[in-house]
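Student: Quick one, protein.cif (mmCIF, C-alpha atoms):
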data_structure
#
loop_
_atom_site.label_atom_id
_atom_site.label_comp_id
_atom_site.auth_asym_id
_atom_site.auth_seq_id
_atom_site.Cartn_x
_atom_site.Cartn_y
_atom_site.Cartn_z
CA MET A 23 -13.21 -58.66 104.54
CA SER A 24 -15.51 -55.72 103.88
CA VAL A 25 -16.42 -55.27 100.25
CA LYS A 26 -17.38 -51.85 98.95
CA ALA A 27 -18.93 -50.66 95.73
CA PRO A 28 -19.83 -47.11 94.76
CA LYS A 29 -22.25 -45.70 97.37
CA MET A 30 -22.73 -49.16 98.90
CA ALA A 31 -21.54 -50.48 102.24
CA GLY A 32 -19.74 -53.78 102.70
CA LEU A 33 -20.84 -56.43 105.04
CA LYS A 34 -18.72 -57.97 107.79
CA SER A 35 -20.09 -57.89 111.30
CA VAL A 36 -18.52 -55.35 113.65
CA ALA A 37 -17.88 -55.32 117.38
CA PRO A 38 -21.00 -54.31 119.32
CA LYS A 39 -21.29 -50.63 120.16
CA ALA A 40 -24.55 -51.07 122.06
CA ALA A 41 -24.98 -52.70 125.47
CA PRO A 42 -25.00 -56.53 125.42
CA LEU A 43 -28.43 -57.91 124.54
CA ASP A 44 -30.23 -60.91 126.01
CA MET A 45 -29.09 -64.27 124.63
CA VAL A 46 -31.77 -66.97 124.42
CA ALA A 47 -32.10 -70.42 122.84
CA ARG A 48 -34.62 -70.27 120.01
CA THR A 49 -35.42 -71.85 116.65
CA GLY A 50 -35.52 -69.87 113.44
CA ASN A 51 -39.32 -70.02 113.35
CA GLU A 52 -39.55 -68.83 116.94
CA VAL A 53 -37.36 -65.78 116.40
CA MET A 54 -39.13 -64.80 113.19
CA ALA A 55 -42.42 -64.90 115.09
CA GLU A 56 -40.77 -62.95 117.93
CA ALA A 57 -39.66 -60.28 115.47
CA MET A 58 -43.23 -60.08 114.16
CA ARG A 59 -44.50 -59.63 117.74
CA GLN A 60 -42.08 -56.78 118.31
CA ILE A 61 -43.01 -55.17 114.99
CA ASN A 62 -46.71 -55.49 115.91
CA PRO A 63 -48.13 -55.27 112.36
CA ASP A 64 -51.68 -54.11 111.73
CA VAL A 65 -52.64 -57.23 109.77
CA VAL A 66 -51.25 -60.75 109.32
CA ALA A 67 -53.00 -63.07 106.86
CA ALA A 68 -51.69 -66.62 106.48
CA TYR A 69 -52.43 -70.23 105.66
CA PRO A 70 -50.41 -73.07 107.26
CA ILE A 71 -47.73 -74.97 105.35
CA THR A 72 -44.76 -77.00 106.60
CA PRO A 73 -42.16 -75.89 107.66
CA ALA A 74 -43.45 -72.28 107.92
CA THR A 75 -46.64 -73.12 109.85
CA GLU A 76 -44.97 -72.57 113.20
CA VAL A 77 -44.12 -68.93 112.44
CA VAL A 78 -47.75 -67.84 112.21
CA GLN A 79 -48.91 -70.44 114.74
CA ILE A 80 -46.68 -68.87 117.38
CA PHE A 81 -47.72 -65.39 116.28
CA ALA A 82 -51.38 -66.39 116.51
CA GLY A 83 -50.68 -67.20 120.16
CA PHE A 84 -49.39 -63.67 120.65
CA VAL A 85 -52.63 -62.36 119.13
CA ALA A 86 -54.76 -64.59 121.35
CA ASP A 87 -52.85 -63.50 124.46
CA GLY A 88 -53.32 -59.82 123.63
CA LEU A 89 -49.59 -59.18 123.20
CA VAL A 90 -50.12 -57.46 119.84
CA ASP A 91 -52.85 -55.34 118.28
CA THR A 92 -52.74 -57.30 115.03
CA GLU A 93 -55.82 -58.36 113.08
CA PHE A 94 -55.03 -62.01 112.31
CA VAL A 95 -56.85 -63.25 109.21
CA THR A 96 -57.19 -67.00 108.70
CA VAL A 97 -57.89 -67.77 105.05
CA GLU A 98 -58.56 -70.81 102.89
CA SER A 99 -55.36 -70.78 100.84
CA GLU A 100 -52.04 -69.04 100.36
CA HIS A 101 -53.44 -67.27 97.30
CA SER A 102 -56.10 -65.80 99.57
CA ALA A 103 -53.50 -64.97 102.20
CA MET A 104 -51.57 -62.76 99.80
CA SER A 105 -54.82 -61.31 98.45
CA ALA A 106 -55.82 -60.30 101.98
CA CYS A 107 -52.34 -58.85 102.58
CA ILE A 108 -52.63 -56.77 99.42
CA GLY A 109 -56.01 -55.41 100.45
CA ALA A 110 -54.87 -54.61 103.97
CA SER A 111 -51.66 -52.96 102.79
CA GLN A 112 -53.49 -50.91 100.18
CA ALA A 113 -55.95 -49.82 102.86
CA GLY A 114 -53.04 -48.34 104.79
CA GLY A 115 -51.87 -51.04 107.18
CA ARG A 116 -48.46 -52.47 108.05
CA VAL A 117 -48.81 -56.07 106.86
CA MET A 118 -46.88 -59.33 107.22
CA THR A 119 -47.29 -63.01 106.32
CA ALA A 120 -45.37 -66.28 106.07
CA THR A 121 -45.31 -69.24 103.71
CA SER A 122 -43.19 -71.93 102.06
CA SER A 123 -42.86 -74.09 98.95
CA GLN A 124 -46.20 -74.81 97.23
CA GLY A 125 -47.73 -72.03 99.29
CA LEU A 126 -45.45 -69.49 97.65
CA ALA A 127 -46.15 -71.11 94.28
CA LEU A 128 -49.90 -70.72 94.86
CA MET A 129 -49.32 -67.11 95.89
CA ALA A 130 -47.28 -66.36 92.77
CA GLU A 131 -50.06 -64.54 90.91
CA MET A 132 -50.64 -62.20 93.84
CA VAL A 133 -46.92 -61.87 94.64
CA TYR A 134 -46.47 -60.06 91.33
CA ILE A 135 -49.45 -57.85 92.06
CA ALA A 136 -48.09 -56.86 95.48
CA ALA A 137 -44.88 -55.64 93.86
CA GLY A 138 -46.66 -53.97 90.97
CA LEU A 139 -48.81 -51.99 93.41
CA ARG A 140 -45.68 -50.99 95.40
CA LEU A 141 -46.94 -52.47 98.68
CA PRO A 142 -44.33 -52.91 101.46
CA ILE A 143 -45.56 -56.32 102.69
CA VAL A 144 -42.97 -58.38 104.60
CA MET A 145 -43.00 -62.17 104.28
CA ALA A 146 -41.21 -64.83 106.29
CA GLU A 147 -40.41 -67.42 103.62
CA VAL A 148 -39.14 -70.80 104.86
CA ASN A 149 -37.33 -72.46 101.97
CA ARG A 150 -38.68 -75.86 100.98
CA ALA A 151 -38.52 -77.93 97.80
CA LEU A 152 -41.29 -77.68 95.22
CA SER A 153 -43.24 -80.78 94.22
CA ALA A 154 -43.23 -83.20 92.48
CA PRO A 155 -42.41 -85.53 94.10
CA ILE A 156 -43.67 -84.25 97.45
CA ASN A 157 -40.87 -83.17 99.75
CA ILE A 158 -41.01 -81.06 102.91
CA HIS A 159 -37.30 -80.34 103.29
CA CYS A 160 -35.04 -77.51 102.20
CA ASP A 161 -34.00 -76.29 98.86
CA HIS A 162 -34.35 -72.85 97.27
CA SER A 163 -36.59 -73.72 94.32
CA ASP A 164 -39.59 -71.95 95.89
CA THR A 165 -37.83 -68.63 96.31
CA MET A 166 -36.24 -68.89 92.87
CA LEU A 167 -39.69 -69.30 91.34
CA VAL A 168 -40.42 -65.63 92.11
CA ARG A 169 -36.91 -64.22 92.09
CA ASP A 170 -37.84 -61.63 89.46
CA ALA A 171 -41.32 -60.78 90.74
CA GLY A 172 -40.20 -57.42 92.15
CA TRP A 173 -39.72 -58.54 95.77
CA ILE A 174 -36.60 -57.80 97.77
CA GLN A 175 -35.08 -61.15 98.80
CA ILE A 176 -32.87 -61.46 101.88
CA PHE A 177 -31.35 -64.87 102.74
CA SER A 178 -30.51 -65.87 106.32
CA GLU A 179 -27.59 -68.08 107.29
CA ASN A 180 -28.84 -68.81 110.81
CA ALA A 181 -31.55 -67.93 113.33
CA GLN A 182 -29.80 -64.74 114.42
CA GLU A 183 -29.81 -63.43 110.87
CA ALA A 184 -33.43 -64.51 110.40
CA TYR A 185 -34.41 -62.37 113.39
CA ASP A 186 -32.29 -59.39 112.40
CA ASN A 187 -33.35 -59.60 108.75
CA MET A 188 -37.06 -59.53 109.62
CA ILE A 189 -36.62 -56.29 111.53
CA GLN A 190 -34.53 -54.66 108.82
CA ALA A 191 -36.91 -55.80 106.07
CA VAL A 192 -39.65 -53.58 107.46
CA ARG A 193 -37.48 -50.47 107.25
CA ILE A 194 -36.24 -51.39 103.78
CA ALA A 195 -39.65 -52.19 102.31
CA GLU A 196 -41.28 -49.06 103.72
CA ALA A 197 -38.53 -46.61 102.69
CA SER A 198 -40.02 -43.85 100.56
CA ALA A 199 -37.53 -44.50 97.74
CA VAL A 200 -38.40 -48.20 97.69
CA ARG A 201 -41.99 -49.11 98.67
CA LEU A 202 -41.59 -52.72 97.57
CA PRO A 203 -42.49 -56.00 99.31
CA ALA A 204 -39.70 -58.02 100.90
CA MET A 205 -39.23 -61.66 101.80
CA VAL A 206 -36.81 -62.95 104.41
CA THR A 207 -35.84 -66.57 103.77
CA THR A 208 -34.59 -69.32 106.05
CA ASP A 209 -33.59 -72.87 105.14
CA GLY A 210 -36.43 -75.20 106.09
CA PHE A 211 -35.81 -77.36 109.18
CA ILE A 212 -32.07 -76.54 109.09
CA ILE A 213 -32.79 -73.05 110.45
CA SER A 214 -36.55 -73.03 110.96
CA HIS A 215 -36.49 -75.90 113.49
CA GLY A 216 -32.85 -75.82 114.59
CA MET A 217 -32.22 -74.45 118.09
CA GLU A 218 -29.52 -71.79 118.38
CA GLY A 219 -28.39 -69.02 120.67
CA VAL A 220 -29.94 -65.74 119.52
CA SER A 221 -29.43 -62.24 120.86
CA LEU A 222 -32.79 -60.49 121.07
CA ILE A 223 -33.37 -56.74 121.05
CA PRO A 224 -35.71 -55.05 123.55
CA ASP A 225 -39.21 -54.39 122.22
CA GLU A 226 -38.96 -50.63 122.57
CA ALA A 227 -35.66 -50.54 120.65
CA VAL A 228 -37.15 -52.56 117.78
CA ARG A 229 -40.16 -50.28 117.51
CA GLU A 230 -37.99 -47.19 117.64
CA PHE A 231 -35.82 -48.63 114.87
CA ILE A 232 -38.69 -49.44 112.49
CA GLY A 233 -40.63 -46.28 113.25
CA THR A 234 -44.27 -45.48 112.60
CA PHE A 235 -45.78 -46.68 109.35
CA SER A 236 -46.89 -43.93 106.99
CA PRO A 237 -49.03 -45.31 104.15
CA VAL A 238 -48.90 -43.74 100.70
CA TYR A 239 -52.24 -43.25 98.91
CA PRO A 240 -54.25 -45.40 101.36
CA LEU A 241 -57.45 -46.69 99.84
CA LEU A 242 -59.50 -45.73 102.90
CA ASP A 243 -58.54 -42.06 102.67
CA VAL A 244 -61.93 -41.10 101.29
CA ASP A 245 -61.07 -37.41 101.18
CA ASN A 246 -58.33 -38.13 98.65
CA PRO A 247 -59.69 -40.92 96.43
CA VAL A 248 -57.36 -42.83 94.15
CA THR A 249 -57.72 -45.59 91.58
CA ILE A 250 -55.89 -48.79 92.52
CA GLY A 251 -54.75 -51.41 90.01
CA PRO A 252 -56.40 -50.00 86.88
CA ILE A 253 -56.10 -51.56 83.45
CA MET A 254 -53.05 -50.19 81.66
CA PHE A 255 -52.64 -51.02 78.01
CA THR A 256 -49.90 -49.74 75.73
CA ASP A 257 -50.34 -46.21 77.03
CA TYR A 258 -48.92 -46.57 80.56
CA TYR A 259 -48.09 -50.20 81.44
CA PHE A 260 -44.46 -49.89 80.33
CA GLU A 261 -43.92 -46.79 82.49
CA SER A 262 -45.46 -48.51 85.49
CA ARG A 263 -43.10 -51.48 85.24
CA ARG A 264 -40.16 -49.15 84.80
CA GLN A 265 -41.03 -47.50 88.11
CA VAL A 266 -40.85 -50.86 89.88
CA ALA A 267 -37.42 -51.44 88.37
CA GLU A 268 -36.28 -48.01 89.55
CA ALA A 269 -37.55 -48.76 93.06
CA MET A 270 -35.50 -51.96 93.12
CA LYS A 271 -32.49 -49.95 92.00
CA ASN A 272 -33.10 -47.48 94.84
CA ALA A 273 -33.20 -50.36 97.30
CA HIS A 274 -29.44 -50.88 96.90
CA GLN A 275 -28.55 -47.81 98.92
CA VAL A 276 -31.42 -48.23 101.38
CA ILE A 277 -30.40 -51.80 102.23
CA ALA A 278 -26.83 -50.66 102.89
CA ASP A 279 -27.95 -47.72 105.01
CA VAL A 280 -30.40 -49.77 107.07
CA GLY A 281 -27.78 -52.49 107.63
CA ALA A 282 -25.24 -49.91 108.79
CA GLU A 283 -27.71 -48.23 111.14
CA PHE A 284 -28.73 -51.60 112.56
CA GLY A 285 -25.06 -52.30 113.27
CA ASP A 286 -24.54 -48.95 114.96
CA ARG A 287 -27.53 -49.51 117.21
CA PHE A 288 -27.29 -53.21 117.98
CA GLY A 289 -23.74 -54.28 117.16
CA ARG A 290 -24.45 -56.50 114.14
CA ARG A 291 -23.74 -54.76 110.84
CA TYR A 292 -25.23 -56.08 107.60
CA GLY A 293 -24.78 -55.46 103.90
CA TYR A 294 -24.91 -57.57 100.75
CA LEU A 295 -22.03 -60.04 100.88
CA ASP A 296 -20.02 -61.78 103.57
CA ALA A 297 -16.55 -62.44 102.19
CA TYR A 298 -14.45 -64.95 104.13
CA ARG A 299 -10.67 -65.17 103.74
CA MET A 300 -10.91 -63.47 100.36
CA GLU A 301 -8.00 -61.02 100.76
CA ASP A 302 -5.49 -63.35 99.08
CA ALA A 303 -7.82 -66.04 97.73
CA GLU A 304 -7.24 -67.54 94.30
CA VAL A 305 -10.33 -69.76 94.25
CA ALA A 306 -13.67 -69.37 96.03
CA VAL A 307 -17.18 -70.76 96.43
CA VAL A 308 -20.37 -68.68 96.43
CA ALA A 309 -23.48 -69.78 98.33
CA LEU A 310 -26.80 -68.69 99.82
CA GLY A 311 -28.26 -69.46 103.25
CA SER A 312 -27.05 -71.97 105.81
CA THR A 313 -24.50 -73.54 103.43
CA ALA A 314 -22.31 -70.46 103.92
CA GLY A 315 -21.24 -71.76 107.32
CA THR A 316 -20.35 -75.15 105.89
CA ALA A 317 -18.34 -73.41 103.17
CA ARG A 318 -16.28 -71.52 105.72
CA ALA A 319 -15.35 -74.80 107.44
CA ALA A 320 -14.23 -76.17 104.06
CA VAL A 321 -12.21 -73.02 103.40
CA ASP A 322 -10.34 -73.46 106.69
CA ALA A 323 -9.57 -77.10 105.83
CA MET A 324 -8.24 -76.14 102.40
CA ARG A 325 -6.12 -73.34 103.85
CA GLN A 326 -4.44 -75.93 106.08
CA LYS A 327 -3.52 -77.77 102.89
CA GLY A 328 -1.93 -74.65 101.45
CA ILE A 329 -4.72 -73.80 99.00
CA LYS A 330 -5.68 -70.11 98.88
CA ALA A 331 -9.41 -70.71 99.26
CA GLY A 332 -12.17 -68.28 100.16
CA SER A 333 -15.95 -68.11 100.27
CA VAL A 334 -18.66 -65.53 99.64
CA LYS A 335 -22.14 -65.58 101.12
CA VAL A 336 -24.78 -63.67 99.18
CA ARG A 337 -27.15 -62.27 101.80
CA VAL A 338 -29.23 -60.00 99.54
CA TYR A 339 -30.24 -61.85 96.40
CA ARG A 340 -32.66 -59.23 95.09
CA PRO A 341 -31.60 -56.63 94.21
CA PHE A 342 -28.58 -58.61 93.08
CA PRO A 343 -25.26 -56.99 94.13
CA ALA A 344 -23.51 -57.30 90.76
CA ASP A 345 -20.96 -54.54 91.45
CA MET A 346 -19.87 -56.19 94.68
CA ILE A 347 -19.66 -59.61 93.04
CA ARG A 348 -17.30 -58.15 90.43
CA ALA A 349 -15.21 -56.40 93.07
CA THR A 350 -14.99 -59.51 95.26
CA LEU A 351 -14.54 -62.28 92.67
CA GLY A 352 -13.11 -60.58 89.62
CA HIS A 353 -9.45 -61.23 90.53
CA LEU A 354 -9.84 -64.98 91.15
CA LYS A 355 -8.66 -67.80 88.92
CA ALA A 356 -11.80 -69.91 89.39
CA VAL A 357 -15.16 -69.64 91.17
CA ALA A 358 -17.68 -72.32 92.12
CA VAL A 359 -21.30 -71.22 92.47
CA LEU A 360 -23.36 -73.52 94.70
CA ASP A 361 -27.08 -73.57 93.83
CA ARG A 362 -29.63 -75.24 96.09
CA SER A 363 -32.04 -75.20 93.17
CA ASP A 364 -31.94 -76.32 89.57
CA ALA A 365 -33.26 -74.34 86.63
CA LEU A 366 -33.69 -77.62 84.68
CA ASN A 367 -32.40 -75.80 81.62
CA ASN A 368 -29.23 -77.88 81.21
CA HIS A 369 -27.23 -74.67 81.24
CA ALA A 370 -26.90 -73.00 84.65
CA ALA A 371 -28.87 -72.69 87.86
CA PRO A 372 -30.21 -69.30 89.08
CA LEU A 373 -27.43 -68.02 91.34
CA CYS A 374 -24.80 -69.06 88.81
CA LEU A 375 -26.57 -67.17 86.04
CA ASP A 376 -26.50 -64.01 88.14
CA VAL A 377 -22.87 -64.40 89.17
CA THR A 378 -21.77 -65.16 85.61
CA THR A 379 -23.65 -62.16 84.25
CA ALA A 380 -22.08 -59.93 86.89
CA LEU A 381 -18.55 -61.10 86.10
CA TYR A 382 -18.87 -61.09 82.32
CA SER A 383 -21.34 -58.31 81.60
CA THR A 384 -20.16 -55.62 79.21
CA GLY A 385 -23.18 -53.36 79.61
CA LEU A 386 -23.23 -49.78 80.85
CA GLY A 387 -21.72 -49.46 84.30
CA ALA A 388 -20.16 -52.91 84.09
CA SER A 389 -16.96 -52.23 82.18
CA ARG A 390 -13.83 -54.00 83.35
CA PRO A 391 -10.19 -53.41 82.43
CA SER A 392 -9.30 -57.08 82.04
CA PRO A 393 -10.29 -59.10 78.97
CA PRO A 394 -12.67 -62.07 79.41
CA SER A 395 -9.77 -64.53 79.12
CA GLU A 396 -8.36 -63.17 82.39
CA ARG A 397 -11.59 -63.41 84.37
CA PRO A 398 -12.45 -66.40 86.58
CA ARG A 399 -13.55 -69.73 85.25
CA ILE A 400 -16.96 -70.48 86.73
CA LEU A 401 -18.11 -73.91 87.83
CA ASN A 402 -21.77 -74.46 88.75
CA TYR A 403 -22.87 -77.10 91.25
CA VAL A 404 -26.44 -78.03 92.09
CA TYR A 405 -26.62 -79.54 95.57
CA GLY A 406 -28.89 -80.31 98.49
CA LEU A 407 -32.18 -80.68 96.60
CA GLY A 408 -34.98 -81.92 98.84
CA GLY A 409 -32.90 -81.32 101.95
CA ARG A 410 -29.97 -83.61 101.17
CA ASP A 411 -27.06 -82.78 103.45
CA ILE A 412 -23.99 -80.97 102.21
CA LYS A 413 -20.85 -81.50 104.27
CA PRO A 414 -17.48 -79.76 104.43
CA ALA A 415 -15.96 -82.74 102.61
CA ASP A 416 -18.33 -82.14 99.68
CA ILE A 417 -17.18 -78.54 99.37
CA GLN A 418 -13.56 -79.59 99.75
CA LYS A 419 -14.12 -81.73 96.65
CA VAL A 420 -15.39 -78.61 94.89
CA PHE A 421 -12.20 -76.79 95.84
CA GLY A 422 -10.25 -79.67 94.30
CA ASP A 423 -12.12 -79.09 91.05
CA LEU A 424 -11.45 -75.36 91.31
CA GLU A 425 -7.74 -75.99 91.64
CA GLN A 426 -7.80 -78.00 88.41
CA ALA A 427 -9.90 -75.36 86.65
CA ALA A 428 -7.49 -72.64 87.79
CA ARG A 429 -4.64 -74.59 86.19
CA GLY A 430 -6.57 -74.91 82.93
CA HIS A 431 -7.37 -78.62 83.23
CA ALA A 432 -9.09 -79.94 80.12
CA ALA A 433 -11.97 -81.41 82.15
CA PHE A 434 -13.32 -77.91 82.70
CA ALA A 435 -14.59 -75.71 79.90
CA PRO A 436 -12.92 -72.38 79.12
CA ALA A 437 -14.27 -69.25 80.77
CA PRO A 438 -16.82 -68.16 81.55
CA GLN A 439 -18.40 -71.45 82.71
CA ASN A 440 -19.07 -75.12 82.12
CA GLU A 441 -21.90 -75.80 79.69
CA SER A 442 -24.15 -77.37 82.34
CA PRO A 443 -24.21 -77.64 86.14
CA MET A 444 -22.60 -80.53 87.98
CA TYR A 445 -24.62 -82.35 90.60
CA LEU A 446 -22.95 -82.52 94.00
CA GLY A 447 -24.03 -85.41 96.22
CA VAL A 448 -26.49 -87.04 93.84
CA ARG A 449 -26.37 -90.81 93.25
CA GLU A 450 -25.81 -90.90 89.51
#
Mind converting the file's structure to structure tokens?
Tutor:
Amino acid sequence: MSVKAPKMAGLKSVAPKAAPLDMVARTGNEVMAEAMRQINPDVVAAYPITPATEVVQIFAGFVADGLVDTEFVTVESEHSAMSACIGASQAGGRVMTATSSQGLALMAEMVYIAAGLRLPIVMAEVNRALSAPINIHCDHSDTMLVRDAGWIQIFSENAQEAYDNMIQAVRIAEASAVRLPAMVTTDGFIISHGMEGVSLIPDEAVREFIGTFSPVYPLLDVDNPVTIGPIMFTDYYFESRRQVAEAMKNAHQVIADVGAEFGDRFGRRYGYLDAYRMEDAEVAVVALGSTAGTARAAVDAMRQKGIKAGSVKVRVYRPFPADMIRATLGHLKAVAVLDRSDALNNHAAPLCLDVTTALYSTGLGASRPSPPSERPRILNYVYGLGGRDIKPADIQKVFGDLEQAARGHAAFAPAPQNESPMYLGVRE
């Protein structure tokens, strides 16, 4: 099902228009590094951290073998890595990096600065749980830590999407109407180290697609000096932050346009949401990342039982596609939002907060004809923390809860949502 909102494209894949591309067996980390090789950035600065180490380790091999012209900067921490990226980007270079978990947390100070300076840095972010306790496996708590830092966030369901998303992220970040950093996420070990068949694009086609980088106000343009990162008190700080917000708003159309052009060229069309069996659905689950595939298997099982189930994958998390969420989910009786992170606020986890706001907002541009009582009941589930598996049977259980919620069962709070998330797969 293709979902459309005003001036925004939907998202189902389309039949290839281009010639068949080479299919190879690769891990998520390998194809992200391969995309970086094809992009051939001016500078990569990075510090190793599991499970993202392999991305830059492989890319460092490309540098050593002379396959790219990149200046590879080895630094003493992730904070320094992002600092070096900021300097290189401000100097006028096309810049990339990679990190995960505590590395992204250590970067957080500089992540905000990169967005505030409108620097189109692209990051491969391999999702991993935040400590404590120490854990090296997947959840989305690291990405959620900086979800409102001003970075575009694109989630990948599999290695193919990780590869395609890295290439598109460059075009999106560097668009003149955007000029914001972007991170492409993959689920740690599940995608980063899982071997899959991936269709690769020829080097020349990738470079033609991303084009030549044209820096704006480069620091090394000594004939046109500028001041970078000045102190702004009450006189201009507010206006500066408003410009970042406007750039994120502009990204909506750019992401749709880039995804459509990518599809026209290479046969895989991308947008914001992937809606599965939603045409006649009465209940649905919403998820990010690799869990979307598991959700589709659960949907098929429930359909065989006569339940009108559907699922929605959110590919672009920032900017959040609120209009599309309303258009896709607004007619349902009940919705379950699956969060692979926990806000620890005893209320709702991050993705659920965004979905609920989208469905129940009454602000400008968000008016709906139906009263709140007719909108979906929303159930929130936290799952998979620290890499714990989620299986189709787990999501089938969620659909059982949705069926009860749709019938107004007393166990589930009235709309919009339950007062606190439920924990799926935890040993209580």
Student: What are the closest atom pairs, with distances in Å to one decimal, for all residues of range 137-218 of chain A lying within 7 Å of range 50-65 of chain A? Consider only C-alpha atoms, order rows by chain and residue number, and present the result as a Markdown table.
Tutor:
| residue | atom | partner | partner_atom | distance |
| --- | --- | --- | --- | --- |
| A:Ala181 | CA | A:Gly50 | CA | 4.4 |
| A:Ala184 | CA | A:Met54 | CA | 6.4 |
| A:Tyr185 | CA | A:Met54 | CA | 5.3 |
| A:Met188 | CA | A:Ala57 | CA | 6.4 |
| A:Ile189 | CA | A:Ala57 | CA | 6.4 |
| A:Ile213 | CA | A:Gly50 | CA | 5.1 |
| A:Ser214 | CA | A:Gly50 | CA | 4.1 |
| A:His215 | CA | A:Gly50 | CA | 6.1 |
| A:Gly216 | CA | A:Gly50 | CA | 6.6 |
Student: Counting all atoms listed in the file, which residue out of A:Ile158, A:Leu373, A:Ile412, A:Val321 sits closest to Ala74 in chain A?
Tutor: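 Closest to Ala74 in chain A of all the choices is A:Ile158.
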Student: Could you tell me which of A:Pro70, A:Gly293, A:Gly422, A:Gly109 comes closest to Gly125 in chain A if we count all atoms listed in the file?
Tutor: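 Looking at the shortest contact to Gly125 in chain A, the residue is A:Pro70.
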Student: Looking at A:Thr249, A:Thr316, A:Gln175, A:Ser123, which one is nearest to Ala273 in chain A, with distances taken over all atoms listed in the file?
Tutor: A:Gln175
Student: Have a look at A:Tyr69, A:Tyr239, A:Trp173, A:Phe94 and name the one nearest to Ala113 in chain A; count only C-alpha atoms.
Tutor: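 Smallest distance to Ala113 in chain A is found for A:Tyr239.
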Student: Compile the contact shell of Thr207 in chain A as a VMD selection string: residues with an atom at most 9 Å away, counting all atoms listed in the file, same-chain residues fewer than 3 positions apart removed.
Tutor: chain A and resid 145 to 149 165 175 to 178 184 187 210 311
Student: For the structure provided, state which residues fall under the PyMOL selection byres ((chain A and resi 282) around 8), and present them as number ranges by chain.
Tutor: A: 31, 278-281, 283-286, 291-293
Student: Using CA of Leu375 in chain A and CA of Gln275 in chain A as the two end points, give the distance in Å to one decimal.
Tutor: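 Value for the CA of Leu375 in chain A-CA of Gln275 in chain A distance: 23.3 Å.
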Student: Give as a ChimeraX atom specification the set of residues within 10 Å of the point (-14.2, -63.6, 100.6), where distances use the file's coordinates and only C-alpha atoms.
Tutor: /A:23-25,295-303,305-308,318,331-335,350-351
